[in-house]
Every structure is written in structure tokens, then in C-alpha cells.
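Novice: Quick one: the structure is below, questions incoming.
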Amino acid sequence: MSTDEPSVADEVRTTVTVDTDQPWALIGLAVFWGWLLARWTNDFLLPAGLAVPREQSFFPVGPFEAARETLLSVAASLGLFGAPFAFLAGLFSFVVGAIPSLPALGRGAWLTIVLTVGGIALGFVLAVPLSVARVYGGRWLRWVSLSYTELIRGTPLLAQLFVLYFGLPLTQIIREVPGVGVGYVPGTAAWVAIIGFTLNSAAYQAEYIRSALESVDAGQLTAARSIGLSKVESIRYVVLPQGLRYAIPSWSNELVYLIKYSSLAAFITVRELFFQAESIANETFRYTELYVLAALFYLALVISASVLMNGVETKTALPGLGGKREA
Amino acid sequence: MTLLRVEDVHKSYGDEEVLKGVSFEMDRGDVDVLMGPSGSGKSTMLRCINRLTEIDSGDVWLDGTPVYGPDTDVNELRQDVGMVFQDFNLFAHLTAVENITLGLKRVLGVPKAEARERAMEHLEQVGLAAQADSYPAELSGGQQQRVGIARALAMEPKLMLFDEPTSALDPELVGEVVEVMRDLAAGGMTMLVVSHEMGFARSAADDIHFLDSGTVVESGPPEQLFERPEHDRTRAFLTGLQAETHQ
């Protein structure tokens, strides 16, 4: 029997590079993350002598104010034809209003990311056994998994956070843990929020993973059993590696949702992005500026997550399994 | 020496009785072929031997061990029974060689390096050493099935079950798989094959069991069964099969 038959490997295995169709989006993201990382380093890591004060922005307001004034006077001198200049002056006004609030929003973004990543990662750890129990478990395991999923998906996330924060003595316990709320370590309320997002996200992720597991061909489990793997081993080594790849696209949705839903943590006093924006707006009455700014932050985070998950999807794709499928 | 004994096996799915008391025996080194019209219970019979399907009544012995005994560990039993599937069922996320090492490592506890070495030997045996690092989607159907055979062989089973190993293949790919099976048979492997491959049955089979609606209608060596079938049903089936093969 010949051993040198041509394999179709070379045709199928194509390298997928990072999407560079939108260089502007990538440049924008790079600037956003560069600033964010600089801000966190300054606020959380640098010693007080070296750091810029926590509330002081990296960017001076003066030049933007001067530019606004100039534009306004040009607009005034041109009369009716000054409208474009007045509009530009409005943009500079926005920047002038935004700059002083950037440090607080940067810190809020840190908490938003911690809440999201914590919730999604710990939720994933819970979601895998939940989904496996649902698909491969016996009657009781299926029932427990289904009940949990339906309970969580059938009640509002905000209500769940309230129960955890106000209804249970969680805060007293967490407050006793040393280091909570110091520096970049989130405070008590944030930990409660992470628990809440974990429990909530686990239910949604379990649904995504469940349908992915169900789409793995039944013959895979049969073949695994036929070589003597136990049911648990077969799921661990054969079904899950395939199912989780199928789950990535829908699972990415959950990440994007959670970034935005993490704003609900503001209602249990977590100083995340939305909380910061709202409290500054309440002090300065610059509601439009602050909410637009917060929206831009969320947009940047969501686009970052999409880019990241596209990367993960490409990295984990195997020939004939996952990745960008044809048809 | 008897390796496999199937005795009065019954199996029903709901109201439909698929196996109505099937009995046969195989000696070590035997190659037996199960033939019969679709729905006659051939595949079910095969899956009852490694308990992918559980029987309702009857008995199955493998090498003196009661397959359905209360103390029989199903996972250990299955190490002794290799199975090759109609749809190959290669693990889609693993390369050809990884498909083979998985069982070696996780079931037999063979260390990584040795597992790969042994896997490579089996790939060579089926003529696919060059494709060791290809994923199933990158292989042709015939190549996939040969990896499937190597995967089963690597567990060093006492008995190999083939469930219609060539019926999902394009006609031009059947030959390479049959060739591997012939080599195996010549090497002394005990094989129970569900297949309508007349060529293979004629040249490699010791006995052919003709199943129809859940019973063994007739058993015998290929020359007897093909040339002088005793039963009308066997004759009718074989005539149809030959017409199909020669078309």
C-alpha cells in the first residue's frame, strides 16, 4: 500500500491573519488601550511621588479651551456663514468637558473589565458542568441543571444582584477578607457583583454550550466508548473539545452582553464605568457629555472583545472544525 | 478454540423485535461475515457484542468471559473488542496519530512518547504514516477508514468488529480498505464483519452468516453459501446482491 498519497491538507489549512480591513478601528483601539494602561499604571502601581494625581487628567484643558474660544470668535465674525465653526467649537466644548472626567472613567473601566472577565470566566467554570449535566446527565442531574438555568434566565439580573447584596449577609463576610478594596483590588460590593454575574452568566453560557454539545455528532461519543473510555472521559476528551469550539461564536455574544450588563452593578454601589459617569454628570450637570463618553468607552470595550474573540476563534479552529465555516 | 459465543440473543426496540434468538460461534483467528437485507439486525448484533447496545436476553461470551456478567467492566471489555464504523467516526478535533494515541494514553496508560511510537506503527500498517498529522477533514474517506482501523487495532483487541466499513465510501476507495482488512485476516486477527463486499467475503471469510428479520437463516463457508444456498431467502438475497455488484 502506498504511503505517499497526496493529502488534501495543504488546500484546507489556510492561515487566517488578523482582520486589517479597518485600520482606523485598530488605531483607535490602540490609542484607547494605550491610554487606559497608562492610566491604570499611574493610578494603581506608581508610587505617589512619581504619579500624576489620581484626579488629574493626562491632557491639559487649556489648548482646547483656547481653540474653542478662537472658533467661537471666528464664527461670530462670519455671522450666518459661521455655523460650521460654531459646530467645531461645540466639539471642542465636548472635549473640554470630557478631559477632567477621564481619570475617573478610566478607573471605572478597570472595574467594568474586572466584573466582566470575572463573571464570564467563573461563569464558564460553572457552565461546563451545568451543560454536560443537561445533555448527558441522568434524570436528576438534568432536572437540577434545567431548574437552575430557568430560574436564573427567568428573573432579572438586577433583582439577582439586589438579593445578593441586600438580601444575603455576603457583604459582611467579604468585608472581613484582607486586601479587599485596596488599590486595584475591587471593594466589597464589586465582589458581590462578580458573584452575581458569575451565577447569572453561568446559566446563559450553559445554554450556549448545551446547544453546541448537542451539535457534536453522536458517533463521536460512540467511538470514544468503543475504545474503552468511560462516559466522563469520552465527554472530557472527545465531546467537549469539539463542542466548545462550536460554542465560541455564540459564546462571544455573552461576553459582549456582559460588558454592557455589568453597568447594573452601579445599582449596588459598584464604582464601575456607568457609576462614575453618572456621578460626575450629577455633579457637573454635563449629562450629555458624560453619557456619550461612557457610551464610547463601552463601544471601545465591546469592539475589543469582538477582536479578541475573533482571534480566539481563528486560533482554535481546526480543519473541518470551528472557525469561519463555509456555507 | 472458541473466542466468541453468541447464544440465543434477543433484542427489541419498543414493540419491534430486532434480534429473535441469534446464535453463532467464532474460533480464534476466524473471519466471519454477517450478511442480510437492511433491517435484518446485523449492526445491532455487532453492537451487542461490545455492549454499545444491551441485549434483552441470551448470552454472549468473549474468550470465556460473560460479556453480560454482573462483574464485567464494560470499559475493560471494550478494550478487547475493536470496532470500525460505517461513518468512520474519527475524533474530528484530533490528527490521525492523535486519534490512535488517545486510547493508548487514557485507557491503557501508555506514556506519551511510547504511545506515539506505537500509533505510528499502526498507521504504517494501514499505509498512512505520511498522513499522521493530518486532521480527519483533510483525509479521503478511504484514508479515514484506514485510520479508524488503526485506532481500533492499537488497543490490541482480541476481536475486531466491522460495521459496514465500506458502505459509506466512493466505489474507487473501497479497494484500499478491503486490502487492509485482507491483510489483517491473513495476519490471524479474529474479525466479525458486517458487509456486502462479496469479494472480501469470498476470499477472506471462513463462515458467512445470513441474517434475515432477526434470525440466522443459514451459515456456512462462502463457497457453500454463494454456490449452493439451501434457503430461498438466501438465494434471492444473493442474486440481488450479485446483480447489483455486476451492474
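We name chains A, B, ... following the order of the C-alpha cells; residues begin at 1 in each chain, and ligands are numbered from 1 as shown.
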Which residues are near Glu114 in chain B? Cut-off 10 Å, only C-alpha atoms, ignore same chain within fewer than 6 positions. Put them as an MDAnalysis selection string.
Specialist: chainID B and resid 101 104:105 120
Novice: Could you give me, as a list in words, the residues within 12 Å of Gly154 in chain A, counting only C-alpha atoms and dropping anything in the same chain fewer than 6 positions from it?
Specialist: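 Close residues of Gly154 in chain A: Leu146, Ser147, Tyr148, Gln160, Asn200, Ala203 and Tyr204 of chain A.
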Novice: Now that the selection is made, can you save its residues with C-alpha atoms as a tab-separated table (two decimals), in the first residue's frame?
Specialist:
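Writing done, so here's out-v6.tsv:
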chain	number	residue	atom	x	y	z
A	146	LEU	CA	-32.59	22.85	33.88
A	147	SER	CA	-34.14	24.33	37.02
A	148	TYR	CA	-31.09	26.44	37.72
A	160	GLN	CA	-30.46	38.83	41.46
A	200	ASN	CA	-26.14	34.70	36.03
A	203	ALA	CA	-26.91	29.94	33.15
A	204	TYR	CA	-26.65	31.71	29.79
Novice: Give the answer as one residue: which of B:Arg235, B:Val31, B:Gly14, B:Leu169 has the shortest atom-to-atom distance to Ala204 in chain B, using only C-alpha atoms?
Specialist: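 Closest to Ala204 in chain B, using only C-alpha atoms: B:Val31.
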Novice: Taking only C-alpha atoms into account, what are the residues of chain B at most 7 Å from chain A, put as a PDB file with C-alpha atoms, in the first residue's frame?
Specialist:
ATOM      1  CA  ASN B  75     -14.784  -0.314  29.663  1.00  0.00           C
ATOM      2  CA  GLU B  76     -12.336  -3.173  30.112  1.00  0.00           C
ATOM      3  CA  ARG B  78     -14.351  -2.816  25.115  1.00  0.00           C
ATOM      4  CA  GLN B  79     -10.550  -2.725  25.117  1.00  0.00           C
ATOM      5  CA  GLY B  82     -12.111  -3.153  18.438  1.00  0.00           C
ATOM      6  CA  MET B  83     -14.832  -1.533  16.391  1.00  0.00           C
ATOM      7  CA  ASN B  89     -16.254   8.341  13.464  1.00  0.00           C
ATOM      8  CA  PHE B  91     -12.319  12.151  16.512  1.00  0.00           C
ATOM      9  CA  HIS B  93     -10.505  17.510  16.666  1.00  0.00           C
ATOM     10  CA  GLY B 103      -6.961   5.451  23.756  1.00  0.00           C
ATOM     11  CA  VAL B 107      -7.297   3.867  28.531  1.00  0.00           C
ATOM     12  CA  GLY B 127      -0.187   2.639   4.889  1.00  0.00           C
ATOM     13  CA  LEU B 128      -0.844   6.099   6.303  1.00  0.00           C
ATOM     14  CA  ALA B 129       2.318   7.054   8.168  1.00  0.00           C
ATOM     15  CA  ALA B 130       2.709  10.085   5.902  1.00  0.00           C
ATOM     16  CA  GLN B 131      -0.713  11.394   6.943  1.00  0.00           C
ATOM     17  CA  SER B 134      -3.492  15.378   9.101  1.00  0.00           C
ATOM     18  CA  TYR B 135      -6.914  16.038  10.577  1.00  0.00           C
ATOM     19  CA  ALA B 137     -11.330  16.549   7.415  1.00  0.00           C
ATOM     20  CA  GLU B 138      -8.120  16.555   5.401  1.00  0.00           C
ATOM     21  CA  LEU B 139      -8.278  12.844   4.615  1.00  0.00           C
ATOM     22  CA  ALA B 152      -9.101   0.001  16.877  1.00  0.00           C
TER      23      ALA B 152
END
Novice: For Val61 in chain A, which residue out of A:Gly79, A:Gly97, A:Pro47, A:Gly108 is the nearest one, using only C-alpha atoms?
Specialist: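 Of the candidates, the smallest distance to Val61 in chain A is held by A:Gly97.
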Novice: Let's see if you can do this: from backbone DSSP, list all strand (DSSP E or B) residues in range 70-199 of chain B, as a list in words.
Specialist: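 Going through range 70-199 of chain B, the strand (DSSP E or B) residues come out as Val81, Gly82, Met83, Val84, Leu159, Met160, Leu161, Phe162, Asp163, Thr190, Met191, Leu192, Val193 and Val194 of chain B.
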Novice: Using only C-alpha atoms, which protein or nucleic acid residues come within 7 Å of Ser40 in chain B? Drop anything in the same chain fewer than 4 positions from it, and give the result as an MDAnalysis selection string.
Specialist: chainID B and resid 36 211:214
Novice: Suppose you want the space between CA of Ile194 in chain A and CA of Trp33 in chain A; what is it in Å?
Specialist: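 Taking CA of Ile194 in chain A as the start and CA of Trp33 in chain A as the end point, the length is 23.0 Å.
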Novice: With only C-alpha atoms as the counted atoms, please give the residues lying no more than 12 Å from Ile195 in chain A, apart from itself and same-chain residues fewer than 4 positions off, as a ChimeraX atom specification.
Specialist: /A:114-123,126,157,160-165,170-171,174,188-191,199-202,262,265
Novice: If you measure from CA of Arg175 in chain A to CA of Lys260 in chain A, what distance in Å do you get, rounded to one decimal?
Specialist: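 Spanning CA of Arg175 in chain A to CA of Lys260 in chain A is a straight-line distance of 26.4 Å.
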Novice: Quick one: everything within 12 Å of Glu117 in chain B, counting only C-alpha atoms, minus sequence neighbours fewer than 4 positions away in the same chain. Send it as a list of chain:residue names.
Specialist: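 The residues that qualify are B:Val97, B:Glu98, B:Ile100, B:Thr101, B:Leu104, B:Lys105, B:Val110, B:Pro111, B:Lys112, B:Ala113, B:Glu121, B:His122, B:Leu123, B:Glu124, B:Ala129, B:Ala132, B:Ala154.
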Novice: Given the selection you just returned, output its residues as a file containing N, CA and C atoms, formatted as an mmCIF file, in the first residue's frame.
Specialist:
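Just written: again15.cif:
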data_model
loop_
_atom_site.group_PDB
_atom_site.id
_atom_site.type_symbol
_atom_site.label_atom_id
_atom_site.label_comp_id
_atom_site.auth_asym_id
_atom_site.auth_seq_id
_atom_site.Cartn_x
_atom_site.Cartn_y
_atom_site.Cartn_z
ATOM 1 N N VAL B 97 -2.759 10.569 14.025
ATOM 2 C CA VAL B 97 -1.976 9.875 15.054
ATOM 3 C C VAL B 97 -2.579 10.102 16.437
ATOM 4 N N GLU B 98 -3.116 11.299 16.679
ATOM 5 C CA GLU B 98 -3.737 11.576 17.981
ATOM 6 C C GLU B 98 -4.998 10.752 18.198
ATOM 7 N N ILE B 100 -5.278 7.801 17.481
ATOM 8 C CA ILE B 100 -4.830 6.494 17.960
ATOM 9 C C ILE B 100 -4.240 6.594 19.363
ATOM 10 N N THR B 101 -3.484 7.689 19.620
ATOM 11 C CA THR B 101 -2.823 7.780 20.926
ATOM 12 C C THR B 101 -3.814 8.050 22.052
ATOM 13 N N LEU B 104 -4.608 4.868 23.752
ATOM 14 C CA LEU B 104 -3.390 4.313 24.351
ATOM 15 C C LEU B 104 -3.057 5.028 25.654
ATOM 16 N N LYS B 105 -3.157 6.383 25.592
ATOM 17 C CA LYS B 105 -2.769 7.169 26.766
ATOM 18 C C LYS B 105 -3.828 7.095 27.864
ATOM 19 N N VAL B 110 -0.438 4.252 28.480
ATOM 20 C CA VAL B 110 0.876 4.215 27.831
ATOM 21 C C VAL B 110 1.484 5.623 27.855
ATOM 22 N N PRO B 111 2.767 5.753 28.230
ATOM 23 C CA PRO B 111 3.387 7.094 28.220
ATOM 24 C C PRO B 111 3.369 7.708 26.826
ATOM 25 N N LYS B 112 3.412 9.053 26.811
ATOM 26 C CA LYS B 112 3.203 9.827 25.593
ATOM 27 C C LYS B 112 4.085 9.392 24.418
ATOM 28 N N ALA B 113 5.386 9.331 24.666
ATOM 29 C CA ALA B 113 6.324 9.046 23.578
ATOM 30 C C ALA B 113 6.095 7.637 23.021
ATOM 31 N N GLU B 121 3.372 2.911 14.289
ATOM 32 C CA GLU B 121 3.477 1.555 13.742
ATOM 33 C C GLU B 121 2.146 1.130 13.118
ATOM 34 N N HIS B 122 1.058 1.428 13.828
ATOM 35 C CA HIS B 122 -0.251 1.023 13.311
ATOM 36 C C HIS B 122 -0.637 1.827 12.062
ATOM 37 N N LEU B 123 -0.243 3.102 12.042
ATOM 38 C CA LEU B 123 -0.506 3.895 10.837
ATOM 39 C C LEU B 123 0.269 3.324 9.652
ATOM 40 N N GLU B 124 1.485 2.889 9.915
ATOM 41 C CA GLU B 124 2.286 2.283 8.864
ATOM 42 C C GLU B 124 1.613 1.013 8.350
ATOM 43 N N ALA B 129 1.356 6.372 7.304
ATOM 44 C CA ALA B 129 2.318 7.054 8.168
ATOM 45 C C ALA B 129 2.531 8.504 7.714
ATOM 46 N N ALA B 132 0.083 11.138 9.232
ATOM 47 C CA ALA B 132 -0.073 11.086 10.696
ATOM 48 C C ALA B 132 -0.595 12.386 11.283
ATOM 49 N N ALA B 154 -4.870 -0.519 17.617
ATOM 50 C CA ALA B 154 -3.864 -0.073 18.584
ATOM 51 C C ALA B 154 -4.185 -0.551 19.990
#
Novice: May I ask which of the residues B:Glu227, B:Asp87, B:Glu7, B:Asp232 is the closest one to Asp163 in chain B, counting only C-alpha atoms?
Specialist: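 Among the listed residues, B:Asp87 lies closest to Asp163 in chain B.
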Novice: Using only C-alpha atoms, which of B:Ala150, B:Met35, B:Val74, B:Ala115 sits nearest Glu218 in chain B?
Specialist: B:Met35
Novice: Considering only C-alpha atoms, return as a list in words whatever protein or nucleic-acid residues lie within 10 Å of Val6 in chain B, sequence-local ones (same chain, fewer than 6 positions apart) excluded.
Specialist: Gly21, Val22, Ser23, Phe24, Glu25, Met26, Met45, Cys48, Ile49, Gly58, Asp59, Val60, Trp61, Leu62 and Val67 of chain B
Novice: Running DSSP on the backbone, which parts of range 82-201 of chain B land in alpha helix (DSSP H), as a VMD selection string?
Specialist: chain B and resid 96 to 106 112 to 125 141 to 154 171 to 186 198 to 201
